[in-house]
Amino acid sequence: MKALLTGAGGQVAAALMAAQPPGWSVIALTRDDLDIGDARAVALALASHRPDVVFNTAAFTAVDRAQGEADAAWRVNRDGAGHVAKAAARFGARMVHLSTDFVFDGRSGRAYRPGDPAAPLNVYGASKLAGEAAVAAAAPEALIVRTAWVYSAHGANFLTTMLGLMAGEGDVRVVADQIGAPTSAASLAAALWDLAMGRAAGIRHYSDAGVASWYDFAQAIGEEAFAAGLLARAPRVVPITTQDRPTPATRPAFSLLDSSATWALLGRPAPHWRTALRETLAGMAQQS
């Protein structure tokens with residue numbers, strides 16, 4: 001069996017490659033290898049490789065930059081997703097597409113379920129929601145997985161950013177009034193493989209278990225990294241409000257995803273986010 005990954009330079013694609021099941025071969029295409037905004041290039045790639053499954057992890061994920069570079073965000077997140085879905089349908093490949101909690105406005109009083117109304121607050125969320133629609137229209141049997149707050153030991157993400165800041169001598173100031181669930185790229189990748197092999201379809205939610213603010217997540221990173229020997233001192237994390245640190249893109253104050261239906265389909269719950277964080281940091285400590 002053969003899988004093709006778009007966006008192979010990103011952390012989710014790296015985790016998918018690390019979790020490659022026995023009997024599968026993986027074609028990993030970076031942005032330099034394949035620009036998904038180019039419909040002809042996408043069609044040629046799938047015609048050449050003829051994968052059984054396509055994992056579309058390519059995305060314009062710079063949330064604040066998207067506000068000023070909307071055309072680029074829409075080209076990748078909406079148009080590119082549609083190109084991949086059309087080519088997958090044309091050449092008989094199952095499509096797995098990643099989306100985001102930012103399709104919601106954060107005003108819910110409970111965790112968001114897949115069928116809840118979407119109302120994105122920024123260009124990134126709007127372009128990803130449009131991408132979901134483009135995928136569903138082109139490949140009705142596609143699997144669309146919304147996830148949230150993804151991190152790993154590699155690349156630019158909240159974990160690696162915090163570790164860099166915490167290695168300094170000053171306090172680290174982190175927003176405490178945005179709520180969600182940190183999700184390990186390794187946990188997400190394992191779920192994506194199992195869902196793909198189980199031929200899951202439609203919109204699904206997947207994040208690690210538990211609830212946290214960005215401040216909670218940062219505090220846990222400092223504590224666990226210090227315990228693992230990755231930091232020379234336990235950092236001081238200072239909670240601030242969203243108003244204390246304004247950004248170009250408005251973010252949802254509450255974007256917790258209800259992943260219970262996906263966990264039931266998988267036959268297992270996701271790990272608690274702090275457990276997954278501890279395992280990620282333990283792996284980093286072993287390699288340091």
# chains A, B, ... in the order shown; residues from 1 in each chain; ligands from 1
$ residues_around --residues "region 16-24 of chain A" --least-positions-apart "5" --cutoff "10 Å" --atoms "only C-alpha atoms" --output "list in words"
Met1, Lys2, Ala3, Leu5, Ala8, Gln11, Asp52, Phe55, Thr57, Ala185, Ala186, Ser187, Leu188, Ala189, Ala190, Ala191, Leu192, Trp193, Asp194 and Met197 of chain A
$ write_last_selection --atoms "all heavy atoms" --output "short mmCIF file (atom, residue, chain, number, x, y, z; two decimals), in the first residue's frame"
data_model
loop_
_atom_site.label_atom_id
_atom_site.label_comp_id
_atom_site.auth_asym_id
_atom_site.auth_seq_id
_atom_site.Cartn_x
_atom_site.Cartn_y
_atom_site.Cartn_z
N MET A 1 0.84 -1.19 0.00
CA MET A 1 0.00 0.00 0.00
C MET A 1 0.88 1.24 0.00
O MET A 1 1.97 1.25 0.57
CB MET A 1 -0.92 0.02 1.22
CG MET A 1 -1.82 -1.19 1.31
SD MET A 1 -3.10 -1.20 0.03
CE MET A 1 -4.25 0.01 0.70
N LYS A 2 0.36 2.29 -0.61
CA LYS A 2 1.17 3.50 -0.79
C LYS A 2 0.41 4.73 -0.32
O LYS A 2 -0.77 4.90 -0.62
CB LYS A 2 1.53 3.65 -2.28
CG LYS A 2 2.47 4.79 -2.60
CD LYS A 2 2.63 4.97 -4.11
CE LYS A 2 3.23 3.76 -4.78
NZ LYS A 2 3.46 4.03 -6.24
N ALA A 3 1.12 5.58 0.42
CA ALA A 3 0.54 6.85 0.87
C ALA A 3 1.38 7.99 0.33
O ALA A 3 2.60 7.88 0.22
CB ALA A 3 0.50 6.92 2.39
N LEU A 5 2.17 12.08 1.02
CA LEU A 5 2.03 13.18 1.97
C LEU A 5 2.35 14.49 1.28
O LEU A 5 3.41 14.63 0.67
CB LEU A 5 2.99 13.02 3.15
CG LEU A 5 3.07 11.70 3.89
CD1 LEU A 5 4.03 11.82 5.06
CD2 LEU A 5 1.70 11.26 4.37
N ALA A 8 5.32 17.87 3.33
CA ALA A 8 6.20 16.95 4.06
C ALA A 8 7.26 17.64 4.90
O ALA A 8 7.95 16.99 5.67
CB ALA A 8 6.85 15.97 3.09
N GLN A 11 5.48 19.41 10.74
CA GLN A 11 5.60 18.51 11.88
C GLN A 11 4.62 17.34 11.82
O GLN A 11 4.97 16.22 12.24
CB GLN A 11 5.43 19.28 13.18
CG GLN A 11 4.10 19.98 13.36
CD GLN A 11 3.97 20.68 14.70
OE1 GLN A 11 4.67 20.35 15.64
NE2 GLN A 11 3.08 21.65 14.79
N ASP A 52 -2.60 5.00 -2.65
CA ASP A 52 -3.88 4.51 -2.14
C ASP A 52 -4.54 5.54 -1.22
O ASP A 52 -5.77 5.61 -1.15
CB ASP A 52 -3.66 3.20 -1.37
CG ASP A 52 -3.07 2.11 -2.24
OD1 ASP A 52 -3.83 1.55 -3.07
OD2 ASP A 52 -1.87 1.83 -2.13
N PHE A 55 -2.51 12.03 2.34
CA PHE A 55 -2.63 12.85 3.55
C PHE A 55 -2.26 14.28 3.17
O PHE A 55 -1.09 14.57 2.87
CB PHE A 55 -1.67 12.38 4.64
CG PHE A 55 -2.00 11.03 5.22
CD1 PHE A 55 -1.36 9.88 4.76
CD2 PHE A 55 -2.91 10.90 6.25
CE1 PHE A 55 -1.64 8.64 5.31
CE2 PHE A 55 -3.21 9.66 6.81
CZ PHE A 55 -2.56 8.53 6.34
N THR A 57 -1.39 17.46 4.41
CA THR A 57 -0.98 18.24 5.58
C THR A 57 -0.41 19.60 5.18
O THR A 57 0.00 20.37 6.05
CB THR A 57 0.06 17.48 6.42
OG1 THR A 57 1.31 17.40 5.73
CG2 THR A 57 -0.43 16.07 6.75
N ALA A 185 1.86 15.85 17.92
CA ALA A 185 1.85 15.42 16.52
C ALA A 185 1.94 13.90 16.41
O ALA A 185 1.34 13.30 15.51
CB ALA A 185 3.01 16.08 15.77
N ALA A 186 2.64 13.27 17.35
CA ALA A 186 2.75 11.81 17.32
C ALA A 186 1.41 11.16 17.60
O ALA A 186 1.02 10.18 16.94
CB ALA A 186 3.78 11.35 18.35
N SER A 187 0.68 11.68 18.57
CA SER A 187 -0.65 11.15 18.87
C SER A 187 -1.59 11.34 17.68
O SER A 187 -2.33 10.42 17.29
CB SER A 187 -1.21 11.88 20.11
OG SER A 187 -2.58 11.62 20.28
N LEU A 188 -1.55 12.53 17.09
CA LEU A 188 -2.39 12.81 15.93
C LEU A 188 -2.06 11.89 14.76
O LEU A 188 -2.95 11.35 14.10
CB LEU A 188 -2.22 14.28 15.53
CG LEU A 188 -2.92 14.73 14.24
CD1 LEU A 188 -4.42 14.56 14.35
CD2 LEU A 188 -2.55 16.18 13.93
N ALA A 189 -0.77 11.70 14.50
CA ALA A 189 -0.36 10.86 13.36
C ALA A 189 -0.84 9.43 13.52
O ALA A 189 -1.32 8.81 12.55
CB ALA A 189 1.16 10.90 13.22
N ALA A 190 -0.72 8.88 14.73
CA ALA A 190 -1.19 7.51 14.96
C ALA A 190 -2.69 7.41 14.69
O ALA A 190 -3.16 6.44 14.07
CB ALA A 190 -0.88 7.09 16.39
N ALA A 191 -3.44 8.43 15.12
CA ALA A 191 -4.88 8.42 14.87
C ALA A 191 -5.19 8.54 13.38
O ALA A 191 -6.08 7.85 12.87
CB ALA A 191 -5.53 9.57 15.64
N LEU A 192 -4.45 9.39 12.67
CA LEU A 192 -4.70 9.57 11.24
C LEU A 192 -4.45 8.28 10.46
O LEU A 192 -5.24 7.93 9.56
CB LEU A 192 -3.82 10.69 10.69
CG LEU A 192 -4.14 12.10 11.17
CD1 LEU A 192 -3.11 13.10 10.63
CD2 LEU A 192 -5.54 12.52 10.75
N TRP A 193 -3.39 7.57 10.79
CA TRP A 193 -3.13 6.30 10.11
C TRP A 193 -4.27 5.31 10.36
O TRP A 193 -4.78 4.66 9.45
CB TRP A 193 -1.81 5.69 10.59
CG TRP A 193 -0.59 6.18 9.88
CD1 TRP A 193 0.43 6.91 10.40
CD2 TRP A 193 -0.25 5.94 8.50
NE1 TRP A 193 1.39 7.16 9.43
CE2 TRP A 193 1.00 6.57 8.27
CE3 TRP A 193 -0.87 5.28 7.44
CZ2 TRP A 193 1.64 6.55 7.02
CZ3 TRP A 193 -0.24 5.24 6.20
CH2 TRP A 193 0.99 5.87 6.00
N ASP A 194 -4.69 5.19 11.62
CA ASP A 194 -5.74 4.23 11.95
C ASP A 194 -7.07 4.61 11.30
O ASP A 194 -7.80 3.75 10.81
CB ASP A 194 -5.91 4.14 13.47
CG ASP A 194 -4.76 3.39 14.13
OD1 ASP A 194 -3.98 2.75 13.41
OD2 ASP A 194 -4.65 3.45 15.38
N MET A 197 -6.78 3.79 7.52
CA MET A 197 -6.84 2.36 7.24
C MET A 197 -8.22 1.79 7.54
O MET A 197 -8.63 0.78 6.97
CB MET A 197 -5.75 1.62 8.02
CG MET A 197 -4.36 1.93 7.49
SD MET A 197 -3.05 0.91 8.23
CE MET A 197 -3.04 1.52 9.92
#
$ select_by_dssp --residues "region 30-216 of chain A" --states "strand (DSSP E or B)" --output "JSON, numbers by chain"
{"A": [53, 54, 55, 56, 94, 95, 96, 97, 98, 99, 100, 112, 143, 144, 145, 146, 147, 150, 151, 172, 173, 174, 175, 179, 180, 183, 184, 202, 203, 204, 205, 209, 212, 213]}
$ closest_residue --among "A:Gln178, A:Thr100, A:Asn157, A:Ser213" --to "Leu129 (chain A)" --atoms "only C-alpha atoms"
A:Thr100
$ atom_distance --atom1 "CA of Thr242 (chain A)" --atom2 "CA of Thr147 (chain A)"
21.7 Å
$ residues_around --residues "Gly202 (chain A)" --least-positions-apart "6" --cutoff "10 Å" --atoms "only C-alpha atoms" --output "list in words"
Val96, Pro114, Glu132, Ala136, Pro140, Glu141, Ala142, Leu143, Ile144 and Val145 of chain A
$ write_last_selection --atoms "C-alpha atoms" --output "CSV table (one decimal), in the first residue's frame"
chain,number,residue,atom,x,y,z
A,96,VAL,CA,-7.3,12.6,4.5
A,114,PRO,CA,-18.2,18.1,14.3
A,132,GLU,CA,-13.1,21.7,4.1
A,136,ALA,CA,-16.1,17.5,0.6
A,140,PRO,CA,-17.4,13.1,-0.8
A,141,GLU,CA,-15.8,10.1,0.8
A,142,ALA,CA,-12.8,12.1,2.1
A,143,LEU,CA,-11.9,12.2,5.8
A,144,ILE,CA,-11.5,15.7,7.2
A,145,VAL,CA,-9.9,15.9,10.7
$ residues_around --residues "Ala126 (chain A)" --least-positions-apart "4" --cutoff "10 Å" --atoms "only C-alpha atoms" --output "PyMOL selection string"
chain A and resi 73-74+77-78+102-104+118-122+130-132
$ write_last_selection --atoms "N, CA and C atoms" --output "mmCIF file, in the first residue's frame"
data_model
loop_
_atom_site.group_PDB
_atom_site.id
_atom_site.type_symbol
_atom_site.label_atom_id
_atom_site.label_comp_id
_atom_site.auth_asym_id
_atom_site.auth_seq_id
_atom_site.Cartn_x
_atom_site.Cartn_y
_atom_site.Cartn_z
ATOM 1 N N ALA A 73 -2.974 32.634 1.635
ATOM 2 C CA ALA A 73 -3.656 31.691 2.517
ATOM 3 C C ALA A 73 -4.798 30.984 1.793
ATOM 4 N N TRP A 74 -5.607 31.743 1.051
ATOM 5 C CA TRP A 74 -6.720 31.139 0.314
ATOM 6 C C TRP A 74 -6.224 30.207 -0.794
ATOM 7 N N ASN A 77 -4.969 27.017 1.378
ATOM 8 C CA ASN A 77 -5.911 26.381 2.302
ATOM 9 C C ASN A 77 -7.250 26.026 1.662
ATOM 10 N N ARG A 78 -7.686 26.813 0.692
ATOM 11 C CA ARG A 78 -8.943 26.494 0.003
ATOM 12 C C ARG A 78 -8.666 25.854 -1.349
ATOM 13 N N PHE A 102 -9.802 26.496 14.578
ATOM 14 C CA PHE A 102 -10.040 27.915 14.302
ATOM 15 C C PHE A 102 -11.195 28.154 13.332
ATOM 16 N N VAL A 103 -11.889 27.092 12.930
ATOM 17 C CA VAL A 103 -13.118 27.304 12.158
ATOM 18 C C VAL A 103 -14.257 27.768 13.068
ATOM 19 N N PHE A 104 -14.051 27.712 14.384
ATOM 20 C CA PHE A 104 -15.080 28.102 15.346
ATOM 21 C C PHE A 104 -14.769 29.472 15.954
ATOM 22 N N ALA A 118 -19.933 26.504 12.174
ATOM 23 C CA ALA A 118 -18.608 27.130 12.133
ATOM 24 C C ALA A 118 -18.768 28.628 11.903
ATOM 25 N N ALA A 119 -17.872 29.393 12.513
ATOM 26 C CA ALA A 119 -17.903 30.848 12.357
ATOM 27 C C ALA A 119 -16.507 31.389 12.629
ATOM 28 N N PRO A 120 -15.600 31.239 11.684
ATOM 29 C CA PRO A 120 -14.202 31.632 11.913
ATOM 30 C C PRO A 120 -14.055 33.133 12.143
ATOM 31 N N LEU A 121 -13.051 33.477 12.936
ATOM 32 C CA LEU A 121 -12.809 34.866 13.301
ATOM 33 C C LEU A 121 -11.672 35.517 12.514
ATOM 34 N N ASN A 122 -10.963 34.734 11.718
ATOM 35 C CA ASN A 122 -9.793 35.271 11.017
ATOM 36 C C ASN A 122 -9.643 34.617 9.649
ATOM 37 N N ALA A 130 -13.230 26.985 4.186
ATOM 38 C CA ALA A 130 -13.498 26.891 2.748
ATOM 39 C C ALA A 130 -12.792 25.681 2.150
ATOM 40 N N GLY A 131 -11.621 25.352 2.673
ATOM 41 C CA GLY A 131 -10.913 24.160 2.219
ATOM 42 C C GLY A 131 -11.683 22.890 2.537
ATOM 43 N N GLU A 132 -12.285 22.844 3.710
ATOM 44 C CA GLU A 132 -13.128 21.695 4.053
ATOM 45 C C GLU A 132 -14.250 21.522 3.025
#
$ closest_residue --among "A:Gly164, A:Pro51, A:Gly80, A:Gly68" --to "Arg31 (chain A)" --atoms "only C-alpha atoms"
A:Gly80
$ atom_distance --atom1 "CA of Ala218 (chain A)" --atom2 "CA of Asp64 (chain A)"
20.2 Å
$ residues_around --residues "Ala139 (chain A)" --least-positions-apart "2" --cutoff "10 Å" --atoms "only C-alpha atoms" --output "ChimeraX atom specification"
/A:82,84-90,92-95,133-137,141-143
$ closest_residue --among "A:Leu44, A:Val211, A:Ala176, A:Leu29" --to "Val237 (chain A)" --atoms "only C-alpha atoms"
A:Ala176
$ residues_around --residues "Ala72 (chain A)" --least-positions-apart "6" --cutoff "12 Å" --atoms "only C-alpha atoms" --output "list in words"
Asp35, Ile36, Gly37, Ala59, Phe60, Thr61, Ala62, Val63, Arg65, Ala66, Arg78, Asp79, Gly80, Val123, Tyr124 and Ser127 of chain A
$ closest_residue --among "A:Arg236, A:Ser259, A:Ala276, A:Asp216" --to "Glu169 (chain A)" --atoms "only C-alpha atoms"
A:Arg236
$ residues_around --residues "Ser260 (chain A)" --least-positions-apart "6" --cutoff "10 Å" --atoms "only C-alpha atoms" --output "number ranges by chain"
A: 113, 204-207, 209, 266, 268-270
$ closest_residue --among "A:Arg245, A:His83, A:Arg274, A:Arg251" --to "Val174 (chain A)" --atoms "only C-alpha atoms"
A:Arg245
$ closest_residue --among "A:Ala261, A:Ala153, A:Ala167, A:Leu231" --to "Ala15 (chain A)" --atoms "only C-alpha atoms"
A:Ala153
$ select_by_dssp --residues "region 35-83 of chain A" --states "helix (DSSP H, G or I)" --output "count of residues only"
31
